[in-house]
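Structure below is upload-v9.cif: mmCIF, C-alpha atoms (C1' of nucleotides).
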data_structure
#
loop_
_atom_site.label_atom_id
_atom_site.label_comp_id
_atom_site.auth_asym_id
_atom_site.auth_seq_id
_atom_site.Cartn_x
_atom_site.Cartn_y
_atom_site.Cartn_z
CA MET A 12 -15.67 13.54 -7.74
CA LEU A 13 -15.00 16.60 -5.77
CA ASP A 14 -12.23 17.65 -8.07
CA GLY A 15 -13.74 19.21 -11.07
CA LYS A 16 -16.47 16.75 -11.86
CA LYS A 17 -18.66 17.67 -8.95
CA ARG A 18 -21.07 19.88 -10.82
CA ALA A 19 -23.27 19.42 -7.85
CA VAL A 20 -25.71 21.42 -5.95
CA THR A 21 -24.71 22.74 -2.56
CA LEU A 22 -27.72 24.89 -2.03
CA GLY A 23 -28.67 25.17 -5.61
CA HIS A 24 -25.53 26.66 -7.08
CA PRO A 25 -22.75 25.25 -9.18
CA CYS A 26 -20.60 25.11 -6.06
CA PRO A 27 -17.96 27.52 -4.85
CA ILE A 28 -18.87 26.34 -1.40
CA ARG A 29 -17.23 22.96 -1.56
CA ASP A 30 -13.89 24.61 -2.18
CA VAL A 31 -14.21 26.43 1.08
CA LEU A 32 -15.76 23.60 3.01
CA ASP A 33 -12.99 21.26 2.03
CA ARG A 34 -10.63 23.58 3.77
CA ILE A 35 -12.43 23.34 7.08
CA GLY A 36 -13.34 19.72 6.85
CA ASP A 37 -9.78 18.58 6.51
CA GLN A 38 -8.95 18.61 10.15
CA TRP A 39 -5.98 20.93 10.12
CA SER A 40 -6.58 23.94 7.91
CA LEU A 41 -8.82 25.70 10.34
CA LEU A 42 -6.51 24.94 13.21
CA VAL A 43 -3.57 26.37 11.33
CA LEU A 44 -5.49 29.46 10.36
CA ALA A 45 -6.52 30.00 13.95
CA THR A 46 -2.96 29.57 15.10
CA LEU A 47 -1.80 32.18 12.64
CA GLU A 48 -4.47 34.66 13.55
CA PRO A 49 -2.45 36.52 16.21
CA GLY A 50 0.36 37.18 13.77
CA VAL A 51 3.45 35.95 11.98
CA LYS A 52 4.84 32.59 13.00
CA ARG A 53 7.42 30.17 11.79
CA PHE A 54 7.00 26.56 10.89
CA SER A 55 8.15 24.90 14.07
CA GLN A 56 6.34 27.44 16.16
CA ILE A 57 3.05 26.47 14.57
CA GLU A 58 4.00 22.86 14.94
CA ARG A 59 4.61 23.25 18.64
CA GLU A 60 1.48 25.25 19.28
CA ILE A 61 -0.79 22.77 17.60
CA GLY A 62 1.08 19.98 19.27
CA ASP A 63 -0.27 16.90 17.60
CA ILE A 64 0.18 17.71 13.95
CA SER A 65 2.85 15.95 11.94
CA LYS A 66 5.38 17.91 9.92
CA GLN A 67 3.96 16.39 6.83
CA MET A 68 0.42 17.47 7.44
CA LEU A 69 1.50 20.91 8.55
CA SER A 70 3.54 21.28 5.41
CA LYS A 71 0.76 20.09 3.15
CA THR A 72 -1.81 22.20 4.89
CA LEU A 73 0.31 25.31 4.72
CA ARG A 74 1.03 24.82 1.08
CA ARG A 75 -2.60 24.43 0.21
CA LEU A 76 -3.55 27.42 2.29
CA GLU A 77 -0.88 29.38 0.51
CA GLN A 78 -2.11 28.33 -2.90
CA ASP A 79 -5.63 29.29 -1.99
CA GLY A 80 -4.50 32.71 -0.90
CA PHE A 81 -5.24 32.33 2.79
CA VAL A 82 -1.64 32.35 3.94
CA LEU A 83 1.50 34.14 2.92
CA ARG A 84 4.81 32.31 3.04
CA GLU A 85 8.06 34.15 3.41
CA VAL A 86 11.41 32.43 3.09
CA HIS A 87 14.43 34.16 4.56
CA ALA A 88 17.72 33.21 2.97
CA GLU A 89 19.63 32.40 6.11
CA VAL A 90 21.35 29.49 7.70
CA PRO A 91 19.61 27.86 9.39
CA PRO A 92 16.62 28.61 7.18
CA ARG A 93 13.76 30.65 8.54
CA VAL A 94 10.33 30.52 7.01
CA GLU A 95 7.53 32.66 8.24
CA TYR A 96 3.83 32.39 7.70
CA ARG A 97 1.13 34.96 8.11
CA LEU A 98 -2.51 35.31 7.18
CA THR A 99 -3.46 37.29 4.14
CA PRO A 100 -6.43 39.65 4.33
CA LEU A 101 -8.45 36.87 2.72
CA GLY A 102 -7.36 34.51 5.45
CA HIS A 103 -8.34 36.96 8.13
CA SER A 104 -11.70 37.65 6.59
CA PHE A 105 -12.40 33.96 6.42
CA LEU A 106 -12.11 33.69 10.18
CA ASP A 107 -15.05 36.02 10.66
CA PRO A 108 -17.76 33.63 9.51
CA MET A 109 -15.80 30.84 11.12
CA ARG A 110 -15.98 32.51 14.48
CA ALA A 111 -19.75 32.56 14.22
CA LEU A 112 -19.74 28.88 13.50
CA ILE A 113 -17.40 28.14 16.35
CA ARG A 114 -19.56 30.12 18.69
CA TRP A 115 -22.55 28.09 17.59
CA ALA A 116 -20.61 24.90 18.20
CA ASP A 117 -19.70 26.01 21.69
CA GLU A 118 -23.24 26.96 22.54
CA ASN A 119 -24.88 23.89 21.11
CA HIS A 120 -22.40 21.18 21.79
CA ALA A 121 -24.29 20.14 24.89
CA ALA A 122 -27.48 19.67 22.88
CA ILE A 123 -25.69 17.48 20.38
CA THR A 124 -24.15 15.36 23.09
CA ALA A 125 -27.52 15.01 24.75
CA ALA A 126 -29.13 13.94 21.49
CA ARG A 127 -26.48 11.31 21.06
CA GLN A 128 -27.01 9.98 24.54
CA GLU A 129 -30.71 9.70 23.90
CA ALA A 130 -30.16 8.01 20.58
CA GLY A 131 -27.80 5.58 22.24
CA ALA A 132 -30.19 4.91 25.11
CA ALA A 133 -33.24 4.42 22.91
CA MET B 26 -8.08 10.24 16.66
CA LEU B 27 -11.06 12.39 16.27
CA ASP B 28 -13.16 10.00 18.30
CA GLY B 29 -12.44 10.55 21.91
CA LYS B 30 -8.70 10.70 21.93
CA LYS B 31 -8.40 14.04 20.23
CA ARG B 32 -7.79 16.12 23.34
CA ALA B 33 -6.58 18.75 20.93
CA VAL B 34 -6.81 22.39 20.59
CA THR B 35 -9.09 23.89 18.02
CA LEU B 36 -8.63 27.45 19.06
CA GLY B 37 -7.47 26.69 22.52
CA HIS B 38 -10.37 24.68 23.84
CA PRO B 39 -10.82 21.01 24.50
CA CYS B 40 -12.83 20.76 21.31
CA PRO B 41 -16.59 20.70 20.81
CA ILE B 42 -15.85 22.25 17.47
CA ARG B 43 -14.58 19.15 15.76
CA ASP B 44 -17.89 17.44 16.33
CA VAL B 45 -19.61 20.14 14.39
CA LEU B 46 -16.94 20.52 11.77
CA ASP B 47 -17.01 16.84 11.03
CA ARG B 48 -20.61 17.26 10.03
CA ILE B 49 -19.83 19.85 7.42
CA GLY B 50 -16.62 18.31 6.24
CA ASP B 51 -18.24 15.06 5.26
CA GLN B 52 -19.51 16.15 1.88
CA TRP B 53 -23.17 15.34 2.36
CA SER B 54 -24.44 16.46 5.75
CA LEU B 55 -24.61 20.10 4.87
CA LEU B 56 -26.19 19.35 1.55
CA VAL B 57 -28.86 17.26 3.21
CA LEU B 58 -29.52 19.89 5.83
CA ALA B 59 -29.87 22.52 3.17
CA THR B 60 -32.24 20.33 1.22
CA LEU B 61 -34.39 19.88 4.30
CA GLU B 62 -34.48 23.54 5.16
CA PRO B 63 -37.68 24.38 3.25
CA GLY B 64 -39.61 21.69 5.09
CA VAL B 65 -40.52 18.04 5.44
CA LYS B 66 -39.34 15.66 2.76
CA ARG B 67 -39.17 11.95 2.20
CA PHE B 68 -36.18 9.83 1.47
CA SER B 69 -36.42 9.55 -2.28
CA GLN B 70 -37.35 13.17 -2.60
CA ILE B 71 -34.09 14.19 -0.95
CA GLU B 72 -32.29 11.68 -3.08
CA ARG B 73 -33.70 13.15 -6.26
CA GLU B 74 -33.04 16.72 -5.27
CA ILE B 75 -29.43 16.12 -4.43
CA GLY B 76 -29.06 14.05 -7.51
CA ASP B 77 -25.67 12.45 -7.13
CA ILE B 78 -25.86 10.95 -3.69
CA SER B 79 -26.09 7.20 -3.27
CA LYS B 80 -28.84 5.64 -1.18
CA GLN B 81 -26.22 4.39 1.16
CA MET B 82 -24.65 7.72 1.86
CA LEU B 83 -28.00 9.41 2.16
CA SER B 84 -29.07 6.81 4.64
CA LYS B 85 -25.89 7.04 6.67
CA THR B 86 -25.92 10.80 6.63
CA LEU B 87 -29.53 11.01 7.70
CA ARG B 88 -28.99 8.59 10.52
CA ARG B 89 -26.05 10.50 11.86
CA LEU B 90 -27.87 13.79 11.58
CA GLU B 91 -30.75 12.21 13.43
CA GLN B 92 -28.51 10.93 16.21
CA ASP B 93 -26.93 14.33 16.56
CA GLY B 94 -30.31 15.95 16.91
CA PHE B 95 -30.25 17.91 13.65
CA VAL B 96 -32.95 15.94 11.92
CA LEU B 97 -36.18 14.28 12.94
CA ARG B 98 -37.19 11.03 11.31
CA GLU B 99 -40.79 9.96 11.11
CA VAL B 100 -41.82 6.53 9.91
CA HIS B 101 -45.37 6.06 8.74
CA ALA B 102 -46.66 2.52 9.03
CA GLU B 103 -47.96 2.14 5.53
CA VAL B 104 -47.40 0.01 2.50
CA PRO B 105 -45.36 1.07 0.69
CA PRO B 106 -43.46 2.60 3.59
CA ARG B 107 -43.20 6.35 3.89
CA VAL B 108 -40.46 7.97 5.89
CA GLU B 109 -40.29 11.68 6.36
CA TYR B 110 -37.46 13.85 7.50
CA ARG B 111 -37.50 17.35 8.86
CA LEU B 112 -35.05 19.66 10.59
CA THR B 113 -35.20 20.05 14.34
CA PRO B 114 -34.85 23.53 15.84
CA LEU B 115 -31.22 22.66 16.43
CA GLY B 116 -30.85 21.79 12.78
CA HIS B 117 -32.41 25.06 11.73
CA SER B 118 -30.30 27.10 14.08
CA PHE B 119 -27.19 25.46 12.73
CA LEU B 120 -27.94 26.79 9.28
CA ASP B 121 -27.66 30.36 10.51
CA PRO B 122 -23.90 30.43 11.00
CA MET B 123 -23.60 28.23 7.95
CA ARG B 124 -25.35 30.79 5.81
CA ALA B 125 -22.77 33.35 6.84
CA LEU B 126 -20.04 30.98 5.81
CA ILE B 127 -21.71 30.21 2.52
CA ARG B 128 -22.11 33.89 1.82
CA TRP B 129 -18.42 34.35 2.45
CA ALA B 130 -17.65 31.49 0.10
CA ASP B 131 -19.74 33.04 -2.61
CA GLU B 132 -18.17 36.43 -2.23
CA ASN B 133 -14.61 35.21 -2.06
CA HIS B 134 -14.56 32.28 -4.35
CA ALA B 135 -13.19 34.38 -7.14
CA ALA B 136 -10.26 35.46 -4.98
CA ILE B 137 -9.45 31.86 -4.15
CA THR B 138 -9.59 30.80 -7.75
CA ALA B 139 -7.38 33.70 -8.71
CA ALA B 140 -4.85 32.79 -6.02
CA ARG B 141 -4.74 29.26 -7.36
CA GLN B 142 -4.17 30.44 -10.87
CA GLU B 143 -1.31 32.57 -9.74
CA ALA B 144 0.17 29.76 -7.72
CA GLY B 145 -0.09 27.51 -10.72
CA ALA B 146 1.42 30.11 -13.04
CA ALA B 147 4.29 30.94 -10.70
"C1'" DC C 18 -40.30 2.85 -1.07
"C1'" DA C 19 -36.62 2.95 2.08
"C1'" DG C 20 -33.17 1.04 3.25
"C1'" DG C 21 -29.19 -2.89 4.66
"C1'" DA C 22 -25.06 -5.76 3.19
"C1'" DT C 23 -21.03 -6.32 0.72
"C1'" DC C 24 -17.06 -5.20 -2.20
"C1'" DC C 25 -13.70 -2.02 -3.67
"C1'" DC C 26 -11.04 1.98 -4.40
"C1'" DA C 27 -9.32 6.80 -3.45
"C1'" DT C 28 -7.93 9.92 -0.17
"C1'" DC C 29 -6.61 11.35 4.58
"C1'" DA C 30 -3.43 11.23 7.97
"C1'" DG C 31 0.22 9.12 11.21
"C1'" DA C 32 5.09 7.28 11.68
"C1'" DT C 33 9.54 7.08 10.32
"C1'" DA C 34 13.58 8.28 7.80
"C1'" DC C 35 16.22 11.33 4.88
"C1'" DT C 36 17.92 16.18 2.96
"C1'" DG C 37 19.38 21.21 1.76
"C1'" DC D 25 15.30 24.50 10.73
"C1'" DA D 26 12.10 23.33 7.36
"C1'" DG D 27 10.85 20.47 4.91
"C1'" DT D 28 10.35 15.78 1.34
"C1'" DA D 29 9.75 10.66 0.58
"C1'" DT D 30 7.84 6.33 1.59
"C1'" DC D 31 4.92 3.03 3.87
"C1'" DT D 32 0.86 1.99 6.27
"C1'" DG D 33 -3.70 1.93 8.26
"C1'" DA D 34 -8.27 4.10 8.80
"C1'" DT D 35 -12.17 6.23 6.61
"C1'" DG D 36 -15.20 8.02 3.01
"C1'" DG D 37 -17.79 7.07 -0.48
"C1'" DG D 38 -19.37 4.77 -5.03
"C1'" DA D 39 -21.55 0.49 -7.20
"C1'" DT D 40 -24.26 -3.34 -6.96
"C1'" DC D 41 -27.40 -6.59 -5.11
"C1'" DC D 42 -30.87 -7.90 -1.68
"C1'" DT D 43 -35.15 -7.17 1.55
"C1'" DG D 44 -39.41 -5.81 4.59
#

Show this structure as structure tokens.
Amino acid sequence: MLDGKKRAVTLGHPCPIRDVLDRIGDQWSLLVLATLEPGVKRFSQIEREIGDISKQMLSKTLRRLEQDGFVLREVHAEVPPRVEYRLTPLGHSFLDPMRALIRWADENHAAITAARQEAGAA
Amino acid sequence: MLDGKKRAVTLGHPCPIRDVLDRIGDQWSLLVLATLEPGVKRFSQIEREIGDISKQMLSKTLRRLEQDGFVLREVHAEVPPRVEYRLTPLGHSFLDPMRALIRWADENHAAITAARQEAGAA
DNA sequence: CAGGATCCCATCAGATACTG
DNA sequence: CAGTATCTGATGGGATCCTG
């Protein structure tokens, strides 16, 4: 499921949405995209800025983002190696709707927390 | 991680965002919310409309959405039992930013697919 | 009808160690 | 520096059976 078999619904359609949602649900993709928003950065720079991501996950995440056309990867043939990442236009445009969502989260987080408290109390 | 320990970043802040993102990353929450958008529905009605969700996951998802204040659950004391679900105002308002994201997904899905093809070909 | 309980597997993600 | 490889543990989620 989820791969190619998920002929599902997602609001009535065949489902381009899941493809996108998987990229924000996976804990790191969004964070990486946000980190890259200001401009070009190298691997370890991203790693440091995020702080608690493992090399492995950063690597995986970057590769998937690259394959999906959100991120551009540029390898410089030097020693020591230097690899730079930047957002593609697609990557940038994706952050627009995401910002709206993040704003909503900020504004309504209190309500969610309150609801949880109530649920816990009741 | 993810529970309470994730002091992380998510765009620079402490992180109310993860709470929200977890609800769209989990495969079913969004689908259930979307199904409930038109109005009140009962358990098996949602089940049928989504089609490929198990009772268990539907139950879990609904309970979490209820606890988070997205969904209202109403039990009618009848035999056989009737339980109805509806979106709260919070639930409805959440769908606004989500619609923007879904629109983006629709518009850009082709680009993503194309990028994958290219990545696969290269 | 609307679930809860249990079993089981696939995937996610961290930790550690190794390499060009 | 920028990764890859391997092992491991935590979830997510499906299937099946049981109940008020």

Result of fitting chain A to chain B over every paired C-alpha, as a PDB file with C-alpha atoms, keeping the file's coordinate frame:
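File out11.pdb, as written:
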ATOM      1  CA  MET A  12      -7.845  10.101  16.604  1.00  0.00           C
ATOM      2  CA  LEU A  13     -10.842  12.214  16.111  1.00  0.00           C
ATOM      3  CA  ASP A  14     -13.018   9.828  18.019  1.00  0.00           C
ATOM      4  CA  GLY A  15     -12.486  10.411  21.637  1.00  0.00           C
ATOM      5  CA  LYS A  16      -8.735  10.603  21.788  1.00  0.00           C
ATOM      6  CA  LYS A  17      -8.460  13.951  20.106  1.00  0.00           C
ATOM      7  CA  ARG A  18      -7.994  16.031  23.211  1.00  0.00           C
ATOM      8  CA  ALA A  19      -6.755  18.645  20.865  1.00  0.00           C
ATOM      9  CA  VAL A  20      -6.868  22.317  20.595  1.00  0.00           C
ATOM     10  CA  THR A  21      -9.151  23.866  18.022  1.00  0.00           C
ATOM     11  CA  LEU A  22      -8.708  27.407  19.130  1.00  0.00           C
ATOM     12  CA  GLY A  23      -7.545  26.627  22.570  1.00  0.00           C
ATOM     13  CA  HIS A  24     -10.447  24.598  23.875  1.00  0.00           C
ATOM     14  CA  PRO A  25     -10.941  20.927  24.512  1.00  0.00           C
ATOM     15  CA  CYS A  26     -12.932  20.738  21.291  1.00  0.00           C
ATOM     16  CA  PRO A  27     -16.669  20.770  20.769  1.00  0.00           C
ATOM     17  CA  ILE A  28     -15.903  22.295  17.421  1.00  0.00           C
ATOM     18  CA  ARG A  29     -14.619  19.195  15.723  1.00  0.00           C
ATOM     19  CA  ASP A  30     -17.938  17.495  16.317  1.00  0.00           C
ATOM     20  CA  VAL A  31     -19.644  20.189  14.348  1.00  0.00           C
ATOM     21  CA  LEU A  32     -16.980  20.565  11.722  1.00  0.00           C
ATOM     22  CA  ASP A  33     -17.036  16.885  10.971  1.00  0.00           C
ATOM     23  CA  ARG A  34     -20.624  17.300  10.005  1.00  0.00           C
ATOM     24  CA  ILE A  35     -19.881  19.908   7.378  1.00  0.00           C
ATOM     25  CA  GLY A  36     -16.671  18.430   6.154  1.00  0.00           C
ATOM     26  CA  ASP A  37     -18.238  15.150   5.218  1.00  0.00           C
ATOM     27  CA  GLN A  38     -19.548  16.213   1.888  1.00  0.00           C
ATOM     28  CA  TRP A  39     -23.202  15.409   2.340  1.00  0.00           C
ATOM     29  CA  SER A  40     -24.467  16.514   5.729  1.00  0.00           C
ATOM     30  CA  LEU A  41     -24.653  20.149   4.849  1.00  0.00           C
ATOM     31  CA  LEU A  42     -26.269  19.391   1.537  1.00  0.00           C
ATOM     32  CA  VAL A  43     -28.910  17.286   3.213  1.00  0.00           C
ATOM     33  CA  LEU A  44     -29.575  19.915   5.825  1.00  0.00           C
ATOM     34  CA  ALA A  45     -29.962  22.542   3.145  1.00  0.00           C
ATOM     35  CA  THR A  46     -32.322  20.323   1.225  1.00  0.00           C
ATOM     36  CA  LEU A  47     -34.460  19.861   4.295  1.00  0.00           C
ATOM     37  CA  GLU A  48     -34.556  23.518   5.148  1.00  0.00           C
ATOM     38  CA  PRO A  49     -37.771  24.326   3.244  1.00  0.00           C
ATOM     39  CA  GLY A  50     -39.672  21.633   5.093  1.00  0.00           C
ATOM     40  CA  VAL A  51     -40.566  17.983   5.477  1.00  0.00           C
ATOM     41  CA  LYS A  52     -39.360  15.598   2.809  1.00  0.00           C
ATOM     42  CA  ARG A  53     -39.184  11.904   2.262  1.00  0.00           C
ATOM     43  CA  PHE A  54     -36.184   9.789   1.527  1.00  0.00           C
ATOM     44  CA  SER A  55     -36.435   9.482  -2.219  1.00  0.00           C
ATOM     45  CA  GLN A  56     -37.396  13.097  -2.543  1.00  0.00           C
ATOM     46  CA  ILE A  57     -34.149  14.152  -0.917  1.00  0.00           C
ATOM     47  CA  GLU A  58     -32.337  11.645  -3.039  1.00  0.00           C
ATOM     48  CA  ARG A  59     -33.762  13.090  -6.217  1.00  0.00           C
ATOM     49  CA  GLU A  60     -33.153  16.681  -5.248  1.00  0.00           C
ATOM     50  CA  ILE A  61     -29.527  16.141  -4.423  1.00  0.00           C
ATOM     51  CA  GLY A  62     -29.177  14.027  -7.501  1.00  0.00           C
ATOM     52  CA  ASP A  63     -25.760  12.514  -7.140  1.00  0.00           C
ATOM     53  CA  ILE A  64     -25.913  11.016  -3.688  1.00  0.00           C
ATOM     54  CA  SER A  65     -26.104   7.268  -3.262  1.00  0.00           C
ATOM     55  CA  LYS A  66     -28.809   5.681  -1.145  1.00  0.00           C
ATOM     56  CA  GLN A  67     -26.158   4.449   1.164  1.00  0.00           C
ATOM     57  CA  MET A  68     -24.617   7.803   1.834  1.00  0.00           C
ATOM     58  CA  LEU A  69     -27.991   9.455   2.176  1.00  0.00           C
ATOM     59  CA  SER A  70     -29.023   6.826   4.663  1.00  0.00           C
ATOM     60  CA  LYS A  71     -25.838   7.102   6.671  1.00  0.00           C
ATOM     61  CA  THR A  72     -25.908  10.854   6.616  1.00  0.00           C
ATOM     62  CA  LEU A  73     -29.508  11.021   7.716  1.00  0.00           C
ATOM     63  CA  ARG A  74     -28.934   8.616  10.525  1.00  0.00           C
ATOM     64  CA  ARG A  75     -26.006  10.553  11.851  1.00  0.00           C
ATOM     65  CA  LEU A  76     -27.868  13.812  11.560  1.00  0.00           C
ATOM     66  CA  GLU A  77     -30.717  12.234  13.440  1.00  0.00           C
ATOM     67  CA  GLN A  78     -28.462  10.987  16.198  1.00  0.00           C
ATOM     68  CA  ASP A  79     -26.910  14.394  16.549  1.00  0.00           C
ATOM     69  CA  GLY A  80     -30.301  15.991  16.889  1.00  0.00           C
ATOM     70  CA  PHE A  81     -30.260  17.949  13.653  1.00  0.00           C
ATOM     71  CA  VAL A  82     -32.963  15.952  11.925  1.00  0.00           C
ATOM     72  CA  LEU A  83     -36.165  14.291  12.971  1.00  0.00           C
ATOM     73  CA  ARG A  84     -37.167  11.008  11.377  1.00  0.00           C
ATOM     74  CA  GLU A  85     -40.755   9.919  11.210  1.00  0.00           C
ATOM     75  CA  VAL A  86     -41.774   6.473  10.041  1.00  0.00           C
ATOM     76  CA  HIS A  87     -45.346   5.976   8.913  1.00  0.00           C
ATOM     77  CA  ALA A  88     -46.613   2.432   9.207  1.00  0.00           C
ATOM     78  CA  GLU A  89     -47.973   2.048   5.719  1.00  0.00           C
ATOM     79  CA  VAL A  90     -47.421  -0.064   2.687  1.00  0.00           C
ATOM     80  CA  PRO A  91     -45.421   1.005   0.843  1.00  0.00           C
ATOM     81  CA  PRO A  92     -43.465   2.528   3.713  1.00  0.00           C
ATOM     82  CA  ARG A  93     -43.212   6.275   4.018  1.00  0.00           C
ATOM     83  CA  VAL A  94     -40.472   7.921   5.993  1.00  0.00           C
ATOM     84  CA  GLU A  95     -40.304  11.623   6.443  1.00  0.00           C
ATOM     85  CA  TYR A  96     -37.477  13.824   7.548  1.00  0.00           C
ATOM     86  CA  ARG A  97     -37.517  17.327   8.884  1.00  0.00           C
ATOM     87  CA  LEU A  98     -35.090  19.656  10.593  1.00  0.00           C
ATOM     88  CA  THR A  99     -35.228  20.063  14.319  1.00  0.00           C
ATOM     89  CA  PRO A 100     -34.892  23.540  15.808  1.00  0.00           C
ATOM     90  CA  LEU A 101     -31.239  22.690  16.388  1.00  0.00           C
ATOM     91  CA  GLY A 102     -30.869  21.836  12.735  1.00  0.00           C
ATOM     92  CA  HIS A 103     -32.450  25.083  11.687  1.00  0.00           C
ATOM     93  CA  SER A 104     -30.332  27.132  14.022  1.00  0.00           C
ATOM     94  CA  PHE A 105     -27.229  25.495  12.672  1.00  0.00           C
ATOM     95  CA  LEU A 106     -27.983  26.824   9.213  1.00  0.00           C
ATOM     96  CA  ASP A 107     -27.704  30.394  10.431  1.00  0.00           C
ATOM     97  CA  PRO A 108     -23.945  30.449  10.923  1.00  0.00           C
ATOM     98  CA  MET A 109     -23.645  28.245   7.878  1.00  0.00           C
ATOM     99  CA  ARG A 110     -25.361  30.803   5.727  1.00  0.00           C
ATOM    100  CA  ALA A 111     -22.767  33.356   6.745  1.00  0.00           C
ATOM    101  CA  LEU A 112     -20.047  30.981   5.734  1.00  0.00           C
ATOM    102  CA  ILE A 113     -21.692  30.205   2.442  1.00  0.00           C
ATOM    103  CA  ARG A 114     -22.070  33.866   1.722  1.00  0.00           C
ATOM    104  CA  TRP A 115     -18.382  34.340   2.388  1.00  0.00           C
ATOM    105  CA  ALA A 116     -17.589  31.480   0.042  1.00  0.00           C
ATOM    106  CA  ASP A 117     -19.683  33.021  -2.694  1.00  0.00           C
ATOM    107  CA  GLU A 118     -18.098  36.410  -2.291  1.00  0.00           C
ATOM    108  CA  ASN A 119     -14.537  35.212  -2.075  1.00  0.00           C
ATOM    109  CA  HIS A 120     -14.465  32.272  -4.379  1.00  0.00           C
ATOM    110  CA  ALA A 121     -13.057  34.405  -7.160  1.00  0.00           C
ATOM    111  CA  ALA A 122     -10.147  35.480  -4.965  1.00  0.00           C
ATOM    112  CA  ILE A 123      -9.337  31.890  -4.124  1.00  0.00           C
ATOM    113  CA  THR A 124      -9.439  30.845  -7.745  1.00  0.00           C
ATOM    114  CA  ALA A 125      -7.218  33.754  -8.661  1.00  0.00           C
ATOM    115  CA  ALA A 126      -4.719  32.829  -5.966  1.00  0.00           C
ATOM    116  CA  ARG A 127      -4.599  29.318  -7.301  1.00  0.00           C
ATOM    117  CA  GLN A 128      -3.993  30.507 -10.819  1.00  0.00           C
ATOM    118  CA  GLU A 129      -1.140  32.657  -9.631  1.00  0.00           C
ATOM    119  CA  ALA A 130       0.330  29.847  -7.600  1.00  0.00           C
ATOM    120  CA  GLY A 131       0.093  27.585 -10.610  1.00  0.00           C
ATOM    121  CA  ALA A 132       1.629  30.171 -12.923  1.00  0.00           C
ATOM    122  CA  ALA A 133       4.494  31.052 -10.601  1.00  0.00           C
TER     123      ALA A 133
END

At a cut-off of 9 Å, can you tabulate as JSON lines every residue of chain D near chain A together with its closest atom pair and the distance in Å to one decimal, using all atoms listed in the file and ordering rows by chain then number?
{"residue": "D:DC25", "atom": "C1'", "partner": "A:Pro92", "partner_atom": "CA", "distance": 5.6}
{"residue": "D:DA26", "atom": "C1'", "partner": "A:Pro92", "partner_atom": "CA", "distance": 7.0}
{"residue": "D:DG27", "atom": "C1'", "partner": "A:Ser70", "partner_atom": "CA", "distance": 7.4}
{"residue": "D:DT28", "atom": "C1'", "partner": "A:Gln67", "partner_atom": "CA", "distance": 8.4}

Expected file contents, prior selection, C-alpha atoms (C1' of nucleotides), as a tab-separated table (two decimals), in the frame of the given file:
chain	number	residue	atom	x	y	z
D	25	DC	C1'	15.30	24.50	10.73
D	26	DA	C1'	12.10	23.33	7.36
D	27	DG	C1'	10.85	20.47	4.91
D	28	DT	C1'	10.35	15.78	1.34

* Residues of chain B within 6 Å of chain A, counting all atoms listed in the file, as a PyMOL selection string -> chain B and resi 35+41-42+50+56+92-94+122+125-126+130+134+137+140-141+144

* Any idea which chain C residues end up within 10 Å of chain A if we count only C-alpha atoms (C1' of nucleotides), as number ranges by chain please? -> C: 29-32, 37

Let me have the centre and edge lengths in Å, one decimal, of the box along x, y and z around every listed atom of range 60-65 of chain A with 4 Å of margin on each side, as JSON.
{"center_x": 1.0, "center_y": 20.6, "center_z": 15.6, "size_x": 11.6, "size_y": 17.3, "size_z": 15.3}

* Point-to-point distance from CA of Ala88 in chain A to CA of Arg74 in chain A, Å rounded to tenths -> 18.8 Å

* To do: Could you list the residues chosen by the PyMOL selection byres ((chain D and resi 30) around 9) in this structure as a PyMOL selection string?
  => (chain C and resi 33-34) or (chain D and resi 29+31)
